[in-house]
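To be precise, the following lines are protein-v1.cif, and they hold mmCIF, C-alpha atoms and all ligand atoms.
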```
data_entry
loop_
_atom_site.group_PDB
_atom_site.id
_atom_site.type_symbol
_atom_site.label_atom_id
_atom_site.label_comp_id
_atom_site.auth_asym_id
_atom_site.auth_seq_id
_atom_site.Cartn_x
_atom_site.Cartn_y
_atom_site.Cartn_z
ATOM 1 C CA MET A 1 119.771 -104.974 0.636
ATOM 2 C CA ALA A 2 119.611 -107.073 -2.536
ATOM 3 C CA VAL A 3 122.279 -106.474 -5.162
ATOM 4 C CA PRO A 4 120.830 -104.877 -8.334
ATOM 5 C CA ILE A 5 121.099 -107.203 -11.343
ATOM 6 C CA VAL A 6 121.450 -106.092 -14.970
ATOM 7 C CA ARG A 7 121.433 -108.467 -17.916
ATOM 8 C CA THR A 8 122.100 -106.253 -20.935
ATOM 9 C CA VAL A 9 125.071 -104.208 -22.099
ATOM 10 C CA SER A 10 122.820 -101.204 -22.469
ATOM 11 C CA ASP A 11 121.624 -101.359 -18.826
ATOM 12 C CA LEU A 12 125.194 -101.949 -17.664
ATOM 13 C CA ARG A 13 126.420 -98.884 -19.554
ATOM 14 C CA LYS A 14 123.561 -96.722 -18.244
ATOM 15 C CA THR A 15 124.456 -97.616 -14.656
ATOM 16 C CA VAL A 16 128.177 -97.002 -15.183
ATOM 17 C CA ALA A 17 127.508 -93.679 -16.977
ATOM 18 C CA GLY A 18 125.450 -92.552 -13.955
ATOM 19 C CA TRP A 19 128.311 -93.457 -11.619
ATOM 20 C CA ARG A 20 130.799 -91.618 -13.798
ATOM 21 C CA THR A 21 128.748 -88.397 -13.691
ATOM 22 C CA GLU A 22 128.954 -88.639 -9.894
ATOM 23 C CA GLY A 23 132.740 -88.954 -10.171
ATOM 24 C CA PHE A 24 132.911 -92.575 -8.962
ATOM 25 C CA THR A 25 135.735 -94.925 -9.913
ATOM 26 C CA VAL A 26 134.558 -98.338 -11.110
ATOM 27 C CA GLY A 27 136.015 -101.805 -10.474
ATOM 28 C CA LEU A 28 135.165 -105.072 -12.197
ATOM 29 C CA VAL A 29 135.336 -108.606 -10.801
ATOM 30 C CA PRO A 30 134.723 -111.104 -13.624
ATOM 31 C CA THR A 31 133.438 -114.500 -12.411
ATOM 32 C CA MET A 32 131.627 -117.568 -13.626
ATOM 33 C CA GLY A 33 129.631 -117.721 -10.405
ATOM 34 C CA ALA A 34 129.625 -120.465 -7.745
ATOM 35 C CA LEU A 35 131.185 -117.796 -5.576
ATOM 36 C CA HIS A 36 133.499 -118.729 -2.735
ATOM 37 C CA GLU A 37 135.792 -116.859 -0.359
ATOM 38 C CA GLY A 38 138.361 -116.414 -3.165
ATOM 39 C CA HIS A 39 135.848 -114.378 -5.198
ATOM 40 C CA LEU A 40 134.771 -112.461 -2.105
ATOM 41 C CA SER A 41 138.403 -111.467 -1.500
ATOM 42 C CA LEU A 42 138.472 -109.977 -5.036
ATOM 43 C CA ILE A 43 135.327 -108.005 -4.238
ATOM 44 C CA ARG A 44 136.896 -106.743 -1.012
ATOM 45 C CA ALA A 45 140.002 -105.680 -2.967
ATOM 46 C CA GLY A 46 137.680 -103.903 -5.424
ATOM 47 C CA LEU A 47 135.802 -102.114 -2.638
ATOM 48 C CA ALA A 48 139.089 -100.992 -1.074
ATOM 49 C CA ARG A 49 140.348 -99.552 -4.354
ATOM 50 C CA THR A 50 137.254 -98.222 -6.155
ATOM 51 C CA ASP A 51 133.945 -96.507 -5.353
ATOM 52 C CA ARG A 52 131.677 -98.925 -7.233
ATOM 53 C CA VAL A 53 132.208 -102.661 -7.806
ATOM 54 C CA ILE A 54 130.540 -104.643 -10.584
ATOM 55 C CA VAL A 55 130.660 -108.434 -10.389
ATOM 56 C CA THR A 56 130.030 -110.254 -13.646
ATOM 57 C CA LEU A 57 128.528 -113.731 -13.729
ATOM 58 C CA PHE A 58 128.768 -115.508 -17.053
ATOM 59 C CA VAL A 59 129.602 -119.175 -17.581
ATOM 60 C CA ASN A 60 131.548 -118.601 -20.776
ATOM 61 C CA PRO A 61 130.992 -121.487 -23.213
ATOM 62 C CA LYS A 62 133.976 -120.447 -25.357
ATOM 63 C CA GLN A 63 136.529 -121.247 -22.660
ATOM 64 C CA PHE A 64 135.385 -124.844 -22.050
ATOM 65 C CA ASN A 65 137.082 -127.377 -24.276
ATOM 66 C CA ASN A 66 134.916 -130.161 -22.857
ATOM 67 C CA PRO A 67 131.102 -129.884 -23.312
ATOM 68 C CA GLU A 68 130.472 -132.164 -20.296
ATOM 69 C CA ASP A 69 132.545 -129.854 -18.111
ATOM 70 C CA LEU A 70 130.476 -126.886 -19.347
ATOM 71 C CA ALA A 71 127.187 -128.697 -18.692
ATOM 72 C CA ALA A 72 128.281 -129.735 -15.191
ATOM 73 C CA TYR A 73 129.659 -126.322 -14.171
ATOM 74 C CA PRO A 74 127.817 -125.175 -11.009
ATOM 75 C CA ARG A 75 125.169 -122.504 -11.683
ATOM 76 C CA THR A 76 124.082 -120.871 -8.449
ATOM 77 C CA GLU A 77 122.936 -117.335 -9.306
ATOM 78 C CA GLY A 78 120.463 -117.057 -6.403
ATOM 79 C CA SER A 79 122.979 -117.832 -3.671
ATOM 80 C CA ASP A 80 125.689 -115.862 -5.523
ATOM 81 C CA ALA A 81 123.456 -112.754 -5.487
ATOM 82 C CA THR A 82 122.924 -113.171 -1.733
ATOM 83 C CA LYS A 83 126.688 -113.407 -1.155
ATOM 84 C CA LEU A 84 127.258 -110.295 -3.279
ATOM 85 C CA ALA A 85 124.695 -108.331 -1.283
ATOM 86 C CA VAL A 86 126.404 -109.331 1.966
ATOM 87 C CA ALA A 87 129.841 -108.499 0.527
ATOM 88 C CA GLY A 88 128.645 -105.039 -0.533
ATOM 89 C CA ALA A 89 129.066 -105.330 -4.335
ATOM 90 C CA HIS A 90 127.151 -102.586 -6.129
ATOM 91 C CA LEU A 91 125.973 -104.412 -9.248
ATOM 92 C CA LEU A 92 125.701 -107.928 -10.656
ATOM 93 C CA TYR A 93 126.007 -108.112 -14.437
ATOM 94 C CA ALA A 94 124.636 -111.520 -15.453
ATOM 95 C CA PRO A 95 124.119 -111.496 -19.216
ATOM 96 C CA ASN A 96 122.771 -114.444 -21.167
ATOM 97 C CA ALA A 97 124.797 -116.084 -23.943
ATOM 98 C CA GLU A 98 123.063 -114.085 -26.717
ATOM 99 C CA GLU A 99 124.039 -110.803 -25.074
ATOM 100 C CA ILE A 100 127.710 -111.752 -25.125
ATOM 101 C CA TYR A 101 127.772 -113.768 -28.354
ATOM 102 C CA PRO A 102 124.932 -112.466 -30.532
ATOM 103 C CA GLU A 103 124.028 -114.124 -33.836
ATOM 104 C CA GLY A 104 126.952 -113.736 -36.251
ATOM 105 C CA PHE A 105 129.589 -113.175 -33.551
ATOM 106 C CA SER A 106 132.895 -113.940 -35.298
ATOM 107 C CA THR A 107 135.783 -112.417 -33.355
ATOM 108 C CA THR A 108 138.373 -114.289 -31.319
ATOM 109 C CA VAL A 109 141.025 -112.637 -29.188
ATOM 110 C CA SER A 110 144.178 -114.708 -29.162
ATOM 111 C CA VAL A 111 147.186 -113.848 -26.989
ATOM 112 C CA ALA A 112 150.441 -115.424 -28.156
ATOM 113 C CA GLY A 113 153.226 -116.152 -25.670
ATOM 114 C CA ALA A 114 151.405 -116.027 -22.343
ATOM 115 C CA SER A 115 148.748 -118.492 -23.589
ATOM 116 C CA GLU A 116 151.302 -121.071 -24.670
ATOM 117 C CA GLY A 117 152.147 -124.178 -22.632
ATOM 118 C CA MET A 118 150.629 -125.330 -19.340
ATOM 119 C CA GLU A 119 146.859 -124.571 -19.424
ATOM 120 C CA GLY A 120 147.202 -123.564 -23.068
ATOM 121 C CA SER A 121 148.547 -127.033 -23.965
ATOM 122 C CA PHE A 122 146.106 -129.074 -21.906
ATOM 123 C CA ARG A 123 143.016 -126.961 -22.607
ATOM 124 C CA PRO A 124 143.259 -126.025 -26.289
ATOM 125 C CA GLY A 125 141.223 -122.900 -27.054
ATOM 126 C CA HIS A 126 140.703 -122.103 -23.371
ATOM 127 C CA PHE A 127 142.658 -118.843 -23.334
ATOM 128 C CA GLU A 128 141.127 -117.630 -26.598
ATOM 129 C CA GLY A 129 137.760 -118.044 -24.886
ATOM 130 C CA VAL A 130 138.958 -116.259 -21.749
ATOM 131 C CA ALA A 131 140.651 -113.387 -23.626
ATOM 132 C CA THR A 132 137.623 -112.899 -25.885
ATOM 133 C CA VAL A 133 135.071 -112.733 -23.081
ATOM 134 C CA VAL A 134 137.258 -110.657 -20.762
ATOM 135 C CA ALA A 135 137.969 -108.150 -23.560
ATOM 136 C CA LYS A 136 134.205 -107.855 -24.038
ATOM 137 C CA LEU A 137 133.530 -107.434 -20.313
ATOM 138 C CA PHE A 138 136.235 -104.751 -20.059
ATOM 139 C CA LEU A 139 134.832 -102.852 -23.046
ATOM 140 C CA GLN A 140 131.184 -103.308 -22.083
ATOM 141 C CA SER A 141 131.712 -102.069 -18.536
ATOM 142 C CA GLY A 142 134.263 -99.327 -19.139
ATOM 143 C CA ALA A 143 135.626 -100.113 -15.651
ATOM 144 C CA GLY A 144 138.946 -98.529 -14.702
ATOM 145 C CA PHE A 145 140.154 -101.469 -12.585
ATOM 146 C CA ALA A 146 139.708 -105.237 -12.799
ATOM 147 C CA PHE A 147 140.508 -107.715 -10.039
ATOM 148 C CA PHE A 148 141.877 -111.190 -10.811
ATOM 149 C CA GLY A 149 143.129 -113.954 -8.519
ATOM 150 C CA GLU A 150 146.696 -115.258 -8.693
ATOM 151 C CA LYS A 151 145.244 -118.772 -8.383
ATOM 152 C CA ASP A 152 144.821 -118.670 -12.192
ATOM 153 C CA PHE A 153 148.255 -117.164 -12.671
ATOM 154 C CA GLN A 154 148.585 -117.867 -16.385
ATOM 155 C CA GLN A 155 145.095 -116.423 -16.979
ATOM 156 C CA LEU A 156 146.137 -113.271 -15.098
ATOM 157 C CA GLN A 157 149.119 -112.810 -17.426
ATOM 158 C CA VAL A 158 147.027 -113.509 -20.533
ATOM 159 C CA VAL A 159 144.469 -110.895 -19.457
ATOM 160 C CA ARG A 160 147.159 -108.327 -18.629
ATOM 161 C CA ARG A 161 148.830 -108.793 -22.010
ATOM 162 C CA MET A 162 145.481 -108.609 -23.828
ATOM 163 C CA ALA A 163 144.466 -105.335 -22.107
ATOM 164 C CA ARG A 164 147.891 -103.808 -22.775
ATOM 165 C CA ASP A 165 147.998 -104.904 -26.414
ATOM 166 C CA LEU A 166 144.471 -103.685 -27.158
ATOM 167 C CA ASP A 167 144.956 -100.356 -25.310
ATOM 168 C CA ILE A 168 141.975 -101.030 -23.070
ATOM 169 C CA PRO A 169 142.234 -98.350 -20.374
ATOM 170 C CA ILE A 170 141.911 -100.631 -17.364
ATOM 171 C CA GLU A 171 144.331 -101.560 -14.597
ATOM 172 C CA VAL A 172 144.459 -105.306 -13.946
ATOM 173 C CA VAL A 173 145.017 -105.826 -10.225
ATOM 174 C CA ALA A 174 146.420 -109.194 -9.038
ATOM 175 C CA CYS A 175 145.024 -110.557 -5.749
ATOM 176 C CA PRO A 176 146.624 -113.373 -3.709
ATOM 177 C CA THR A 177 145.241 -116.916 -3.832
ATOM 178 C CA VAL A 178 142.845 -117.641 -0.974
ATOM 179 C CA ARG A 179 143.436 -121.012 0.693
ATOM 180 C CA GLU A 180 141.424 -123.225 3.009
ATOM 181 C CA ALA A 181 142.875 -123.602 6.508
ATOM 182 C CA ASP A 182 144.671 -126.779 5.354
ATOM 183 C CA GLY A 183 146.279 -125.040 2.354
ATOM 184 C CA LEU A 184 143.997 -126.152 -0.492
ATOM 185 C CA ALA A 185 143.533 -123.289 -2.963
ATOM 186 C CA MET A 186 139.850 -122.320 -3.129
ATOM 187 C CA SER A 187 138.124 -123.247 -6.371
ATOM 188 C CA SER A 188 134.533 -123.673 -7.525
ATOM 189 C CA ARG A 189 135.507 -127.215 -8.535
ATOM 190 C CA ASN A 190 136.506 -128.320 -5.020
ATOM 191 C CA VAL A 191 132.864 -129.203 -4.282
ATOM 192 C CA TYR A 192 133.254 -132.178 -6.635
ATOM 193 C CA LEU A 193 135.961 -133.812 -4.484
ATOM 194 C CA THR A 194 134.868 -136.870 -2.503
ATOM 195 C CA PRO A 195 135.649 -136.696 1.244
ATOM 196 C CA ALA A 196 138.742 -138.893 0.726
ATOM 197 C CA GLU A 197 139.947 -136.749 -2.186
ATOM 198 C CA ARG A 198 139.264 -133.566 -0.220
ATOM 199 C CA ALA A 199 141.468 -134.921 2.585
ATOM 200 C CA LEU A 200 144.300 -135.588 0.122
ATOM 201 C CA ALA A 201 143.951 -132.403 -1.971
ATOM 202 C CA PRO A 202 146.013 -130.062 0.303
ATOM 203 C CA ARG A 203 149.094 -132.234 -0.362
ATOM 204 C CA LEU A 204 149.329 -130.477 -3.731
ATOM 205 C CA ALA A 205 149.956 -127.098 -2.077
ATOM 206 C CA ALA A 206 152.249 -128.679 0.522
ATOM 207 C CA ILE A 207 154.415 -130.282 -2.191
ATOM 208 C CA LEU A 208 154.529 -127.038 -4.181
ATOM 209 C CA PHE A 209 155.469 -124.922 -1.166
ATOM 210 C CA GLY A 210 158.173 -127.464 -0.203
ATOM 211 C CA ALA A 211 159.653 -127.412 -3.710
ATOM 212 C CA ALA A 212 159.430 -123.596 -3.897
ATOM 213 C CA GLU A 213 161.565 -123.317 -0.781
ATOM 214 C CA LYS A 214 164.259 -125.531 -2.291
ATOM 215 C CA LEU A 215 164.170 -123.607 -5.571
ATOM 216 C CA ALA A 216 164.521 -120.325 -3.705
ATOM 217 C CA ALA A 217 167.586 -121.809 -1.969
ATOM 218 C CA GLY A 218 169.199 -122.519 -5.343
ATOM 219 C CA ALA A 219 168.026 -126.024 -6.363
ATOM 220 C CA GLU A 220 168.006 -126.908 -10.055
ATOM 221 C CA ALA A 221 164.437 -127.185 -11.359
ATOM 222 C CA GLY A 222 164.765 -130.355 -13.519
ATOM 223 C CA PRO A 223 165.451 -132.983 -10.813
ATOM 224 C CA LEU A 224 163.353 -131.195 -8.203
ATOM 225 C CA LEU A 225 160.283 -131.021 -10.427
ATOM 226 C CA ALA A 226 160.700 -134.709 -11.345
ATOM 227 C CA ALA A 227 160.889 -135.571 -7.632
ATOM 228 C CA SER A 228 157.811 -133.418 -6.908
ATOM 229 C CA LYS A 229 155.894 -135.195 -9.670
ATOM 230 C CA ASP A 230 156.821 -138.563 -8.138
ATOM 231 C CA ALA A 231 155.784 -137.299 -4.704
ATOM 232 C CA LEU A 232 152.351 -136.328 -6.069
ATOM 233 C CA GLY A 233 151.953 -139.803 -7.582
ATOM 234 C CA ARG A 234 152.979 -141.512 -4.339
ATOM 235 C CA ALA A 235 150.586 -139.301 -2.355
ATOM 236 C CA GLY A 236 147.697 -140.657 -4.463
ATOM 237 C CA PHE A 237 147.098 -138.009 -7.146
ATOM 238 C CA GLY A 238 146.306 -139.098 -10.688
ATOM 239 C CA LYS A 239 147.918 -137.705 -13.827
ATOM 240 C CA VAL A 240 150.215 -134.732 -13.286
ATOM 241 C CA GLU A 241 149.612 -132.682 -16.425
ATOM 242 C CA TYR A 242 152.402 -130.265 -15.709
ATOM 243 C CA ILE A 243 154.594 -128.940 -12.949
ATOM 244 C CA GLU A 244 156.742 -126.093 -14.186
ATOM 245 C CA LEU A 245 158.968 -123.267 -13.037
ATOM 246 C CA ARG A 246 158.219 -120.068 -14.928
ATOM 247 C CA SER A 247 159.304 -116.451 -14.705
ATOM 248 C CA GLU A 248 156.733 -114.455 -12.765
ATOM 249 C CA ALA A 249 157.040 -111.495 -15.143
ATOM 250 C CA SER A 250 157.234 -113.174 -18.558
ATOM 251 C CA LEU A 251 156.138 -116.796 -17.912
ATOM 252 C CA ALA A 252 159.322 -117.949 -19.687
ATOM 253 C CA SER A 253 160.512 -121.413 -18.562
ATOM 254 C CA LEU A 254 163.322 -121.320 -16.015
ATOM 255 C CA THR A 255 165.877 -123.952 -15.046
ATOM 256 C CA ARG A 256 166.554 -122.194 -11.720
ATOM 257 C CA ALA A 257 164.882 -119.404 -9.772
ATOM 258 C CA SER A 258 167.302 -116.872 -11.204
ATOM 259 C CA GLU A 259 164.518 -114.235 -11.023
ATOM 260 C CA PRO A 260 161.184 -114.014 -9.159
ATOM 261 C CA ALA A 261 159.273 -117.053 -10.364
ATOM 262 C CA ARG A 262 156.162 -119.189 -10.001
ATOM 263 C CA LEU A 263 155.897 -122.912 -9.612
ATOM 264 C CA LEU A 264 152.700 -123.967 -11.371
ATOM 265 C CA ALA A 265 150.970 -127.340 -11.545
ATOM 266 C CA ALA A 266 147.847 -129.091 -12.802
ATOM 267 C CA VAL A 267 146.958 -132.541 -11.463
ATOM 268 C CA TRP A 268 143.975 -134.844 -11.485
ATOM 269 C CA LEU A 269 142.365 -136.112 -8.325
ATOM 270 C CA GLY A 270 139.622 -138.572 -9.266
ATOM 271 C CA GLU A 271 137.358 -136.696 -11.685
ATOM 272 C CA VAL A 272 138.580 -133.260 -10.594
ATOM 273 C CA ARG A 273 141.366 -131.289 -12.212
ATOM 274 C CA LEU A 274 143.189 -129.137 -9.667
ATOM 275 C CA ILE A 275 145.486 -126.249 -10.528
ATOM 276 C CA ASP A 276 147.658 -124.313 -8.132
ATOM 277 C CA ASN A 277 150.792 -122.196 -8.112
ATOM 278 C CA VAL A 278 153.107 -120.666 -5.553
ATOM 279 C CA ALA A 279 155.593 -117.803 -5.655
ATOM 280 C CA VAL A 280 159.292 -118.680 -5.724
ATOM 281 C CA ALA A 281 161.632 -115.999 -4.458
ATOM 282 C CA ALA A 282 164.683 -115.424 -6.643
ATOM 283 C CA GLN A 283 167.559 -117.476 -5.260
ATOM 284 C CA PRO A 284 170.126 -115.408 -3.370
ATOM 285 C CA ALA A 285 172.552 -113.724 -5.760
ATOM 286 C CA ASN A 286 175.567 -115.197 -3.942
ATOM 287 C CA LEU A 287 174.402 -118.748 -4.741
ATOM 288 C CA VAL A 288 174.232 -117.892 -8.441
ATOM 289 C CA ALA A 289 177.556 -116.029 -8.378
ATOM 290 C CA ASN A 290 179.420 -118.811 -6.515
ATOM 291 C CA ARG A 291 178.067 -121.759 -8.474
ATOM 292 C CA PRO A 292 180.855 -123.568 -10.395
ATOM 293 C CA GLY A 293 180.721 -122.552 -14.025
ATOM 294 C CA SER A 294 178.783 -119.338 -13.401
HETATM 295 O O1 LIG A 301 138.441 -117.076 -13.862
HETATM 296 C C1 LIG A 301 137.274 -117.157 -14.278
HETATM 297 O O2 LIG A 301 136.331 -117.383 -13.528
HETATM 298 C C2 LIG A 301 136.985 -116.965 -15.765
HETATM 299 O O3 LIG A 301 138.023 -117.494 -16.526
HETATM 300 C C3 LIG A 301 136.698 -115.518 -16.160
HETATM 301 C C4 LIG A 301 137.909 -114.622 -15.902
HETATM 302 C C5 LIG A 301 135.509 -114.989 -15.371
HETATM 303 C C6 LIG A 301 136.371 -115.420 -17.642
HETATM 304 O O4 LIG A 301 135.239 -116.163 -17.955
#
```
How would this structure read if it were set down as structure tokens?
Amino acid sequence: MAVPIVRTVSDLRKTVAGWRTEGFTVGLVPTMGALHEGHLSLIRAGLARTDRVIVTLFVNPKQFNNPEDLAAYPRTEGSDATKLAVAGAHLLYAPNAEEIYPEGFSTTVSVAGASEGMEGSFRPGHFEGVATVVAKLFLQSGAGFAFFGEKDFQQLQVVRRMARDLDIPIEVVACPTVREADGLAMSSRNVYLTPAERALAPRLAAILFGAAEKLAAGAEAGPLLAASKDALGRAGFGKVEYIELRSEASLASLTRASEPARLLAAVWLGEVRLIDNVAVAAQPANLVANRPGS
């Protein structure tokens, strides 16, 4: 059966109000379309946790700092709707730009702290765009749960902070990154990799997982991250924009995995910017306790 599509806030709210009178819980999966297995895993998480799942499809101009990137972003609503029907989503909300940003729209949601550094440094304005549109989607839908991938780990923390700070009554649920069989994190941008780049791309995850293991065993981040950056260069990647160890809870920079952490990176491969991150277990307490000077 085809997935029903609504394009206006008023139709979205009517549908959700009907569900609420039937006592259904509602989940939201915000996307920009070009759906892949990573998105489908968010929908599955939504279906497992809630009675009704709304998928949003909106290529949000405010989060692109490069107009060419916005123009080139894949727009595949027809095939996305087919995938949603197969996955069992209950509603596709695909508003046009005027519905989200009507004439005179003047509000920006800006999240200090979590937005700073990494993506925030290399994509100025990106997280303001994300926080603004996600706040709108949360408020428009009135969903009780929202499902976000850990692939965009900094985005996940920005969205969590925004919902908490604005008292939006929604639980943000984190879902694990979905990887190709060779380890490459799934992304709508992977389709732009040439065959040679696609063959090289999984090295990013391999280098991150290798470094994460050493960090979890007690290695100091500075030299290890420098060595990982060199390894990416030698493997054939272009500019490494960042490779950083951050606290999983607060995103504060860490010099060692003294608490549960994430190793996050953004690198260029030809014309494609890849981001990825992996969990780093906190190093065993005895290593910290026995280190000279600790
Ligand atoms: O992760 C994305 O696809 C987008 O940043 C989001 C959350 C749908 C907001 O436009």
### Query
If the PyMOL selection byres (((not hetatm)) within 8 of (chain A and resi 301)) is run on the structure shown, which residues does it catch, given as a list of chain:residue names?
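That expression, the PyMOL selection byres (((not hetatm)) within 8 of (chain A and resi 301)), corresponds here to A:Val29, A:Pro30, A:Thr31, A:Met32, A:Gly33, A:Thr56, A:Leu57, A:Phe58, A:Val59, A:Asn60, A:Gln63, A:Gly129, A:Val130, A:Ala131, A:Val133, A:Val134, A:Phe148, A:Gly149, A:Asp152, A:Gln155.
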### Task
For the file shown, report as a ChimeraX atom specification the outcome of the PyMOL selection byres (((chain A and resi 218) around 7) and not hetatm) at residue level.
/A:214-217,219-220,256-257,283,287
### Task
Write out as a ChimeraX atom specification the residues lying within 8 Å of A:Leu35, counting all atoms listed in the file and excluding same-chain residues fewer than 6 positions away.
/A:80,83,188
Let me see the file: selected residues, C-alpha atoms, as a PDB file, in the coordinates of the input.
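And here is the file that came out, result_25.pdb:
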```pdb
ATOM      1  CA  ASP A  80     125.689-115.862  -5.523  1.00  0.00           C
ATOM      2  CA  LYS A  83     126.688-113.407  -1.155  1.00  0.00           C
ATOM      3  CA  SER A 188     134.533-123.673  -7.525  1.00  0.00           C
TER       4      SER A 188
END
```
#### Entry: Residues matched by the PyMOL selection byres (((chain A and resi 269-276) around 9) and not hetatm) as a VMD selection string
chain A and resid 151 to 153 177 184 to 185 187 189 to 190 192 to 194 197 200 to 201 204 to 205 208 236 to 239 263 to 268 277 to 278
### Task
Give me, please, the distance in Å between atom CA of A:Gly120 and atom CA of A:Tyr93, quoted to one decimal.
27.6 Å
#### Entry: Point-to-point distance from atom CA of A:Ala279 to atom CA of A:Ala261, Å rounded to tenths
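Distance reported for this atom pair: 6.0 Å.
Here the question is which of A:Arg7, A:Pro124, A:Val280, A:Thr25 gets nearest to A:Ala97 using all atoms listed in the file, and that residue is A:Arg7.
Taking atom CA of A:Ala89 and atom CA of A:Arg179 as the two end points, the separation is 21.9 Å.
All residues of protein, DNA or RNA that reach within 9 Å of A:Leu166, judged by only C-alpha atoms and not counting those fewer than 4 positions away in the chain, are A:Ala135, A:Arg161, A:Met162.
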### Summary
A:Pro4 proximity check over A:Leu232, A:Ala206, A:Ala45, A:Ala85, using all atoms listed in the file: winner is A:Ala85
### Message
Nearest residue to A:Gly27 out of A:Phe145, A:Phe209, A:Tyr73, A:Tyr242, using only C-alpha atoms?
### Response
A:Phe145
